[in-house]
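*Asks:* Structure file final.cif (mmCIF, C-alpha atoms, pLDDT in the B column; chains and numbers go by the auth columns) is given on the next line.
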```cif
data_structure
#
loop_
_atom_site.group_PDB
_atom_site.id
_atom_site.type_symbol
_atom_site.label_atom_id
_atom_site.label_comp_id
_atom_site.label_asym_id
_atom_site.label_seq_id
_atom_site.Cartn_x
_atom_site.Cartn_y
_atom_site.Cartn_z
_atom_site.B_iso_or_equiv
_atom_site.auth_seq_id
_atom_site.auth_asym_id
ATOM 1 C CA MET A 1 0.000 0.000 0.000 92.00 1 A
ATOM 2 C CA ILE A 2 1.311 3.409 -0.969 95.00 2 A
ATOM 3 C CA SER A 3 0.382 6.489 1.006 96.00 3 A
ATOM 4 C CA ALA A 4 1.141 10.177 0.490 97.00 4 A
ATOM 5 C CA GLU A 5 -0.514 11.595 3.592 97.00 5 A
ATOM 6 C CA ILE A 6 0.616 12.465 7.088 97.00 6 A
ATOM 7 C CA PRO A 7 -0.815 9.888 9.516 97.00 7 A
ATOM 8 C CA ASP A 8 -3.044 11.045 12.372 95.00 8 A
ATOM 9 C CA ARG A 9 -0.698 11.602 15.305 94.00 9 A
ATOM 10 C CA SER A 10 -3.257 10.423 17.894 95.00 10 A
ATOM 11 C CA VAL A 11 -3.916 7.135 16.021 95.00 11 A
ATOM 12 C CA ASP A 12 -0.464 6.220 14.633 96.00 12 A
ATOM 13 C CA LEU A 13 2.348 8.015 16.477 97.00 13 A
ATOM 14 C CA ASP A 14 5.066 5.747 15.002 97.00 14 A
ATOM 15 C CA GLY A 15 3.855 6.391 11.459 97.00 15 A
ATOM 16 C CA TYR A 16 3.528 10.122 12.092 97.00 16 A
ATOM 17 C CA GLU A 17 7.069 10.418 13.471 97.00 17 A
ATOM 18 C CA ALA A 18 8.540 8.354 10.606 97.00 18 A
ATOM 19 C CA VAL A 19 6.802 10.516 7.987 97.00 19 A
ATOM 20 C CA GLU A 20 7.850 13.665 9.833 97.00 20 A
ATOM 21 C CA ASN A 21 11.495 12.579 9.982 96.00 21 A
ATOM 22 C CA PHE A 22 11.974 10.936 6.583 97.00 22 A
ATOM 23 C CA MET A 23 9.185 11.606 4.076 97.00 23 A
ATOM 24 C CA ILE A 24 8.574 15.353 3.999 96.00 24 A
ATOM 25 C CA HIS A 25 9.959 17.244 1.009 95.00 25 A
ATOM 26 C CA GLY A 26 11.307 20.707 1.536 86.00 26 A
ATOM 27 C CA PRO A 27 10.471 23.255 2.547 92.00 27 A
ATOM 28 C CA CYS A 28 11.044 24.705 -0.887 90.00 28 A
ATOM 29 C CA GLY A 29 9.410 27.194 -3.208 86.00 29 A
ATOM 30 C CA ILE A 30 8.583 30.623 -1.829 86.00 30 A
ATOM 31 C CA ALA A 31 9.342 29.398 1.702 86.00 31 A
ATOM 32 C CA ASN A 32 12.937 28.453 0.784 89.00 32 A
ATOM 33 C CA VAL A 33 14.205 29.643 -2.609 89.00 33 A
ATOM 34 C CA ASN A 34 17.708 28.338 -1.779 90.00 34 A
ATOM 35 C CA CYS A 35 16.567 24.715 -1.455 92.00 35 A
ATOM 36 C CA PRO A 36 18.722 22.382 -3.627 93.00 36 A
ATOM 37 C CA CYS A 37 15.639 21.194 -5.549 94.00 37 A
ATOM 38 C CA MET A 38 14.868 24.694 -6.833 94.00 38 A
ATOM 39 C CA VAL A 39 15.595 25.230 -10.544 94.00 39 A
ATOM 40 C CA ASN A 40 14.576 28.480 -12.248 92.00 40 A
ATOM 41 C CA GLY A 41 12.351 29.410 -9.311 90.00 41 A
ATOM 42 C CA LYS A 42 10.420 26.099 -9.315 93.00 42 A
ATOM 43 C CA CYS A 43 10.794 22.834 -7.426 94.00 43 A
ATOM 44 C CA SER A 44 12.368 20.258 -9.756 94.00 44 A
ATOM 45 C CA LYS A 45 10.381 17.533 -7.922 93.00 45 A
ATOM 46 C CA CYS A 46 7.068 19.354 -8.578 92.00 46 A
ATOM 47 C CA PHE A 47 6.243 20.060 -4.940 94.00 47 A
ATOM 48 C CA PRO A 48 3.835 21.080 -3.550 92.00 48 A
ATOM 49 C CA LYS A 49 1.598 18.412 -5.098 95.00 49 A
ATOM 50 C CA LYS A 50 -2.106 19.012 -5.710 95.00 50 A
ATOM 51 C CA TYR A 51 -4.728 17.763 -3.282 97.00 51 A
ATOM 52 C CA SER A 52 -6.662 14.709 -4.424 96.00 52 A
ATOM 53 C CA GLU A 53 -9.522 12.916 -2.687 97.00 53 A
ATOM 54 C CA GLU A 54 -8.519 9.565 -4.182 96.00 54 A
ATOM 55 C CA THR A 55 -5.604 7.905 -5.952 95.00 55 A
ATOM 56 C CA MET A 56 -5.997 7.943 -9.726 93.00 56 A
ATOM 57 C CA LEU A 57 -3.948 7.839 -12.927 90.00 57 A
ATOM 58 C CA ASP A 58 -3.351 10.947 -15.024 88.00 58 A
ATOM 59 C CA ASP A 59 -3.671 11.082 -18.837 87.00 59 A
ATOM 60 C CA GLU A 60 -0.189 9.608 -19.291 82.00 60 A
ATOM 61 C CA GLY A 61 -0.799 6.770 -16.810 80.00 61 A
ATOM 62 C CA PHE A 62 1.198 8.212 -13.911 84.00 62 A
ATOM 63 C CA PRO A 63 -0.322 7.990 -10.437 90.00 63 A
ATOM 64 C CA ILE A 64 -1.795 10.957 -8.624 94.00 64 A
ATOM 65 C CA TYR A 65 -1.788 9.805 -5.012 96.00 65 A
ATOM 66 C CA ARG A 66 -4.542 10.587 -2.531 97.00 66 A
ATOM 67 C CA ARG A 67 -3.550 13.756 -0.673 97.00 67 A
ATOM 68 C CA ARG A 68 -6.562 15.040 1.162 97.00 68 A
ATOM 69 C CA LYS A 69 -6.708 18.495 2.689 96.00 69 A
ATOM 70 C CA THR A 70 -6.707 17.554 6.384 95.00 70 A
ATOM 71 C CA ASP A 71 -5.639 19.149 9.650 94.00 71 A
ATOM 72 C CA ALA A 72 -2.459 17.011 9.778 95.00 72 A
ATOM 73 C CA PHE A 73 0.773 18.959 9.418 95.00 73 A
ATOM 74 C CA VAL A 74 4.494 18.822 10.149 95.00 74 A
ATOM 75 C CA GLU A 75 6.640 21.758 11.136 94.00 75 A
ATOM 76 C CA LYS A 76 10.028 21.812 9.433 93.00 76 A
ATOM 77 C CA GLN A 77 12.482 24.699 9.796 89.00 77 A
ATOM 78 C CA GLY A 78 9.680 26.768 11.290 91.00 78 A
ATOM 79 C CA ILE A 79 7.411 26.230 8.277 93.00 79 A
ATOM 80 C CA ILE A 80 4.112 24.339 8.396 94.00 80 A
ATOM 81 C CA LEU A 81 3.938 21.601 5.738 95.00 81 A
ATOM 82 C CA ASP A 82 0.864 19.476 4.985 96.00 82 A
ATOM 83 C CA ASN A 83 0.026 16.513 2.739 97.00 83 A
ATOM 84 C CA GLN A 84 1.133 18.432 -0.362 96.00 84 A
ATOM 85 C CA PHE A 85 4.762 17.865 0.711 96.00 85 A
ATOM 86 C CA VAL A 86 4.612 14.150 1.570 97.00 86 A
ATOM 87 C CA ILE A 87 6.763 11.809 -0.525 97.00 87 A
ATOM 88 C CA PRO A 88 4.907 8.533 -1.302 97.00 88 A
ATOM 89 C CA TYR A 89 5.783 5.736 1.132 97.00 89 A
ATOM 90 C CA ASN A 90 4.744 2.381 2.520 97.00 90 A
ATOM 91 C CA ARG A 91 3.972 2.747 6.231 97.00 91 A
ATOM 92 C CA ASN A 92 5.250 -0.688 7.311 97.00 92 A
ATOM 93 C CA LEU A 93 8.580 -0.361 5.490 97.00 93 A
ATOM 94 C CA LEU A 94 9.044 3.202 6.716 97.00 94 A
ATOM 95 C CA VAL A 95 8.463 2.366 10.392 97.00 95 A
ATOM 96 C CA LYS A 96 10.508 -0.838 10.265 97.00 96 A
ATOM 97 C CA PHE A 97 13.608 0.586 8.561 96.00 97 A
ATOM 98 C CA GLN A 98 13.431 4.173 9.859 96.00 98 A
ATOM 99 C CA GLY A 99 14.791 5.761 6.691 95.00 99 A
ATOM 100 C CA HIS A 100 13.739 7.544 3.528 94.00 100 A
ATOM 101 C CA ILE A 101 11.973 4.913 1.385 93.00 101 A
ATOM 102 C CA ASN A 102 10.189 6.404 -1.620 93.00 102 A
ATOM 103 C CA VAL A 103 7.598 3.910 -2.913 93.00 103 A
ATOM 104 C CA GLU A 104 6.021 4.543 -6.302 89.00 104 A
ATOM 105 C CA LEU A 105 3.525 2.718 -8.495 87.00 105 A
ATOM 106 C CA CYS A 106 5.168 1.335 -11.658 79.00 106 A
ATOM 107 C CA ASN A 107 2.619 0.501 -14.327 72.00 107 A
ATOM 108 C CA HIS A 108 4.455 1.292 -17.572 67.00 108 A
ATOM 109 C CA SER A 109 6.541 -0.990 -19.731 66.00 109 A
ATOM 110 C CA ARG A 110 9.147 1.798 -19.797 64.00 110 A
ATOM 111 C CA SER A 111 9.522 1.323 -16.036 66.00 111 A
ATOM 112 C CA ILE A 112 11.147 -2.038 -16.759 68.00 112 A
ATOM 113 C CA LYS A 113 14.230 -0.294 -18.136 69.00 113 A
ATOM 114 C CA TYR A 114 14.628 1.700 -14.929 66.00 114 A
ATOM 115 C CA LEU A 115 14.009 -1.270 -12.648 66.00 115 A
ATOM 116 C CA PHE A 116 16.552 -3.505 -14.351 70.00 116 A
ATOM 117 C CA LYS A 117 19.207 -1.080 -15.554 67.00 117 A
ATOM 118 C CA TYR A 118 21.601 -1.859 -12.706 61.00 118 A
ATOM 119 C CA ILE A 119 21.313 -5.611 -13.204 63.00 119 A
ATOM 120 C CA ASN A 120 22.159 -5.259 -16.893 63.00 120 A
ATOM 121 C CA LYS A 121 25.081 -2.853 -16.552 64.00 121 A
ATOM 122 C CA GLY A 122 27.599 -5.668 -16.590 61.00 122 A
ATOM 123 C CA PRO A 123 29.683 -7.394 -13.981 61.00 123 A
ATOM 124 C CA ASP A 124 31.555 -5.596 -11.268 60.00 124 A
ATOM 125 C CA ARG A 125 35.285 -6.049 -11.546 63.00 125 A
ATOM 126 C CA ALA A 126 37.996 -6.334 -8.967 64.00 126 A
ATOM 127 C CA ALA A 127 41.763 -6.552 -9.244 65.00 127 A
ATOM 128 C CA ALA A 128 43.581 -9.142 -7.174 64.00 128 A
ATOM 129 C CA VAL A 129 47.222 -10.012 -6.667 67.00 129 A
ATOM 130 C CA ILE A 130 48.264 -13.560 -5.903 63.00 130 A
ATOM 131 C CA GLU A 131 51.677 -14.021 -4.387 67.00 131 A
ATOM 132 C CA SER A 132 53.370 -17.253 -3.475 61.00 132 A
ATOM 133 C CA THR A 133 55.521 -17.556 -0.409 62.00 133 A
ATOM 134 C CA SER A 134 57.854 -20.304 0.617 58.00 134 A
ATOM 135 C CA THR A 135 58.317 -21.438 4.172 58.00 135 A
ATOM 136 C CA ASN A 136 61.643 -23.118 3.387 58.00 136 A
ATOM 137 C CA LYS A 137 64.491 -21.029 1.998 55.00 137 A
ATOM 138 C CA GLY A 138 65.552 -22.247 -1.390 53.00 138 A
ATOM 139 C CA ASP A 139 62.318 -24.254 -2.005 53.00 139 A
ATOM 140 C CA PRO A 140 60.023 -22.534 -4.471 55.00 140 A
ATOM 141 C CA ALA A 141 56.423 -22.604 -3.338 60.00 141 A
ATOM 142 C CA THR A 142 54.137 -24.775 -5.393 67.00 142 A
ATOM 143 C CA HIS A 143 51.634 -22.753 -7.327 67.00 143 A
ATOM 144 C CA ASP A 144 48.639 -24.274 -9.135 74.00 144 A
ATOM 145 C CA GLU A 145 47.778 -21.640 -11.774 76.00 145 A
ATOM 146 C CA ILE A 146 44.580 -23.383 -12.883 77.00 146 A
ATOM 147 C CA LYS A 147 43.256 -23.643 -9.326 74.00 147 A
ATOM 148 C CA SER A 148 44.135 -19.978 -8.690 69.00 148 A
ATOM 149 C CA TYR A 149 42.256 -18.919 -11.838 70.00 149 A
ATOM 150 C CA LEU A 150 39.154 -20.908 -10.915 69.00 150 A
ATOM 151 C CA ASP A 151 39.222 -19.631 -7.317 69.00 151 A
ATOM 152 C CA CYS A 152 39.320 -16.016 -8.526 67.00 152 A
ATOM 153 C CA SER A 153 36.908 -16.192 -11.464 63.00 153 A
ATOM 154 C CA TYR A 154 33.485 -14.665 -11.136 60.00 154 A
ATOM 155 C CA ARG A 155 30.419 -15.504 -13.192 60.00 155 A
ATOM 156 C CA SER A 156 27.363 -13.320 -13.020 57.00 156 A
ATOM 157 C CA MET A 157 23.812 -14.443 -13.621 56.00 157 A
ATOM 158 C CA LEU A 158 23.771 -13.088 -17.180 56.00 158 A
ATOM 159 C CA GLU A 159 27.008 -14.836 -18.124 55.00 159 A
ATOM 160 C CA ASN A 160 25.607 -18.197 -17.057 51.00 160 A
ATOM 161 C CA ILE A 161 22.595 -18.000 -19.379 50.00 161 A
#
```
Go ahead and express the file in the form of structure tokens.
*Replies:*
Amino acid sequence: MISAEIPDRSVDLDGYEAVENFMIHGPCGIANVNCPCMVNGKCSKCFPKKYSEETMLDDEGFPIYRRRKTDAFVEKQGIILDNQFVIPYNRNLLVKFQGHINVELCNHSRSIKYLFKYINKGPDRAAAVIESTSTNKGDPATHDEIKSYLDCSYRSMLENI
């Protein structure tokens, strides 16, 4: 479940505090023109968002999350922020992990590229040095080059297909 509203403090104190600490954008806009998200006088993340009585999809298929005009608010840097500044989240994940976890609805085939781009970037690489040492002076250490190669090789999921 994805939410973009400030929980009622009297009903869900843990959820309220997690949203207050991790899921409020800004303040930006007129309240803070020096905010890093501000580009050409506008928030690059399109905050504040519009109020909406229910979650729906816009003309391009992107979600407009329910953000009702309620009495719930958070004070940040002396500025009162309401549901228009809440970043979408999942309450259970947010409370459990106590960190910024932006949860969004993905319903486009073009989302697949974003979701899997890191998997398909290619394997990570590491450099390693293998040195042989001898415990006896004058005796060269035995070195099995084939075993060393196999011990250090790495195969990713895509290379095994």
*Asks:* Expand the PyMOL selection byres ((chain A and resi 69) around 9) into the individual residues it matches in the shown file, reporting them as a PDB file with C-alpha atoms, in the frame of the given file.
*Replies:*
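Writing the result to out_3.pdb gives the following:
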```pdb
ATOM      1  CA  TYR A  51      -4.728  17.763  -3.282  1.00 97.00           C
ATOM      2  CA  SER A  52      -6.662  14.709  -4.424  1.00 96.00           C
ATOM      3  CA  GLU A  53      -9.522  12.916  -2.687  1.00 97.00           C
ATOM      4  CA  ARG A  67      -3.550  13.756  -0.673  1.00 97.00           C
ATOM      5  CA  ARG A  68      -6.562  15.040   1.162  1.00 97.00           C
ATOM      6  CA  THR A  70      -6.707  17.554   6.384  1.00 95.00           C
ATOM      7  CA  ASP A  71      -5.639  19.149   9.650  1.00 94.00           C
ATOM      8  CA  ALA A  72      -2.459  17.011   9.778  1.00 95.00           C
ATOM      9  CA  ASP A  82       0.864  19.476   4.985  1.00 96.00           C
ATOM     10  CA  ASN A  83       0.026  16.513   2.739  1.00 97.00           C
ATOM     11  CA  GLN A  84       1.133  18.432  -0.362  1.00 96.00           C
TER      12      GLN A  84
END
```
*Asks:* Please indicate the distance in Å from atom CA of Glu20 of chain A to atom CA of Gln98 of chain A, rounded to one decimal place.
*Replies:*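 Atom CA of Gln98 of chain A lies at a distance of 11.0 Å from atom CA of Glu20 of chain A.
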*Asks:* Atom CA of Phe62 of chain A to atom CA of Leu105 of chain A: how many Å, to one decimal?
*Replies:*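 Going from atom CA of Phe62 of chain A over to atom CA of Leu105 of chain A, I get 8.1 Å.
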*Asks:* Axis-aligned box over every listed atom of segment 6-21 of chain A, padded by 5 Å per side: centre and edges in Å to one decimal, as AutoDock Vina command-line options?
*Replies:*
```
--center_x 3.8 --center_y 9.7 --center_z 12.5 --size_x 25.4 --size_y 17.9 --size_z 20.8
```
*Asks:* Which of these residues is nearest to Val19 of chain A, using all atoms listed in the file: A:Val103, A:Cys43, A:Ile87, A:Ile146?
*Replies:*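 Among the listed residues, the smallest separation from Val19 of chain A belongs to A:Ile87.
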*Asks:* Take segment 7-35 of chain A from the block and save it with N, CA and C atoms, as a compact mmCIF listing (two decimals), in the first residue's frame.
*Replies:*
```
# COMPACT_ATOMS: atom_id res chain seq x y z
N PRO A 7 0.10 10.64 8.65
CA PRO A 7 -0.81 9.89 9.52
C PRO A 7 -1.32 10.74 10.68
N ASP A 8 -2.48 10.37 11.20
CA ASP A 8 -3.04 11.05 12.37
C ASP A 8 -2.16 10.74 13.57
N ARG A 9 -1.64 11.76 14.19
CA ARG A 9 -0.70 11.60 15.31
C ARG A 9 -1.32 10.85 16.48
N SER A 10 -2.61 11.06 16.75
CA SER A 10 -3.26 10.42 17.89
C SER A 10 -3.56 8.94 17.64
N VAL A 11 -3.61 8.52 16.36
CA VAL A 11 -3.92 7.13 16.02
C VAL A 11 -2.65 6.33 15.74
N ASP A 12 -1.68 6.93 15.05
CA ASP A 12 -0.46 6.22 14.63
C ASP A 12 0.76 7.11 14.87
N LEU A 13 1.21 7.17 16.12
CA LEU A 13 2.35 8.02 16.48
C LEU A 13 3.63 7.57 15.77
N ASP A 14 3.86 6.24 15.68
CA ASP A 14 5.07 5.75 15.00
C ASP A 14 5.08 6.16 13.53
N GLY A 15 3.95 6.00 12.86
CA GLY A 15 3.85 6.39 11.46
C GLY A 15 4.03 7.89 11.28
N TYR A 16 3.41 8.66 12.16
CA TYR A 16 3.53 10.12 12.09
C TYR A 16 4.98 10.56 12.23
N GLU A 17 5.68 10.02 13.24
CA GLU A 17 7.07 10.42 13.47
C GLU A 17 7.98 9.99 12.32
N ALA A 18 7.73 8.81 11.74
CA ALA A 18 8.54 8.35 10.61
C ALA A 18 8.33 9.25 9.39
N VAL A 19 7.09 9.61 9.11
CA VAL A 19 6.80 10.52 7.99
C VAL A 19 7.42 11.88 8.25
N GLU A 20 7.29 12.37 9.46
CA GLU A 20 7.85 13.67 9.83
C GLU A 20 9.37 13.68 9.64
N ASN A 21 10.04 12.62 10.03
CA ASN A 21 11.49 12.58 9.98
C ASN A 21 12.07 12.26 8.61
N PHE A 22 11.36 11.46 7.80
CA PHE A 22 11.97 10.94 6.58
C PHE A 22 11.24 11.23 5.28
N MET A 23 9.96 11.57 5.32
CA MET A 23 9.19 11.61 4.08
C MET A 23 8.55 12.96 3.75
N ILE A 24 9.07 14.02 4.31
CA ILE A 24 8.57 15.35 4.00
C ILE A 24 9.58 16.05 3.09
N HIS A 25 9.09 16.53 1.95
CA HIS A 25 9.96 17.24 1.01
C HIS A 25 10.00 18.72 1.39
N GLY A 26 11.17 19.27 1.34
CA GLY A 26 11.31 20.71 1.54
C GLY A 26 11.60 21.11 2.96
N PRO A 27 11.28 22.29 3.30
CA PRO A 27 10.47 23.25 2.55
C PRO A 27 11.23 23.83 1.35
N CYS A 28 10.47 24.10 0.31
CA CYS A 28 11.04 24.70 -0.89
C CYS A 28 10.03 25.70 -1.45
N GLY A 29 10.31 26.22 -2.60
CA GLY A 29 9.41 27.19 -3.21
C GLY A 29 9.60 28.56 -2.59
N ILE A 30 8.52 29.28 -2.40
CA ILE A 30 8.58 30.62 -1.83
C ILE A 30 9.16 30.59 -0.42
N ALA A 31 8.88 29.52 0.31
CA ALA A 31 9.34 29.40 1.70
C ALA A 31 10.86 29.23 1.80
N ASN A 32 11.49 28.68 0.75
CA ASN A 32 12.94 28.45 0.78
C ASN A 32 13.46 28.41 -0.65
N VAL A 33 13.75 29.57 -1.22
CA VAL A 33 14.21 29.64 -2.61
C VAL A 33 15.61 29.08 -2.79
N ASN A 34 16.35 28.88 -1.70
CA ASN A 34 17.71 28.34 -1.78
C ASN A 34 17.76 26.83 -1.62
N CYS A 35 16.61 26.17 -1.58
CA CYS A 35 16.57 24.71 -1.46
C CYS A 35 17.24 24.08 -2.68
```
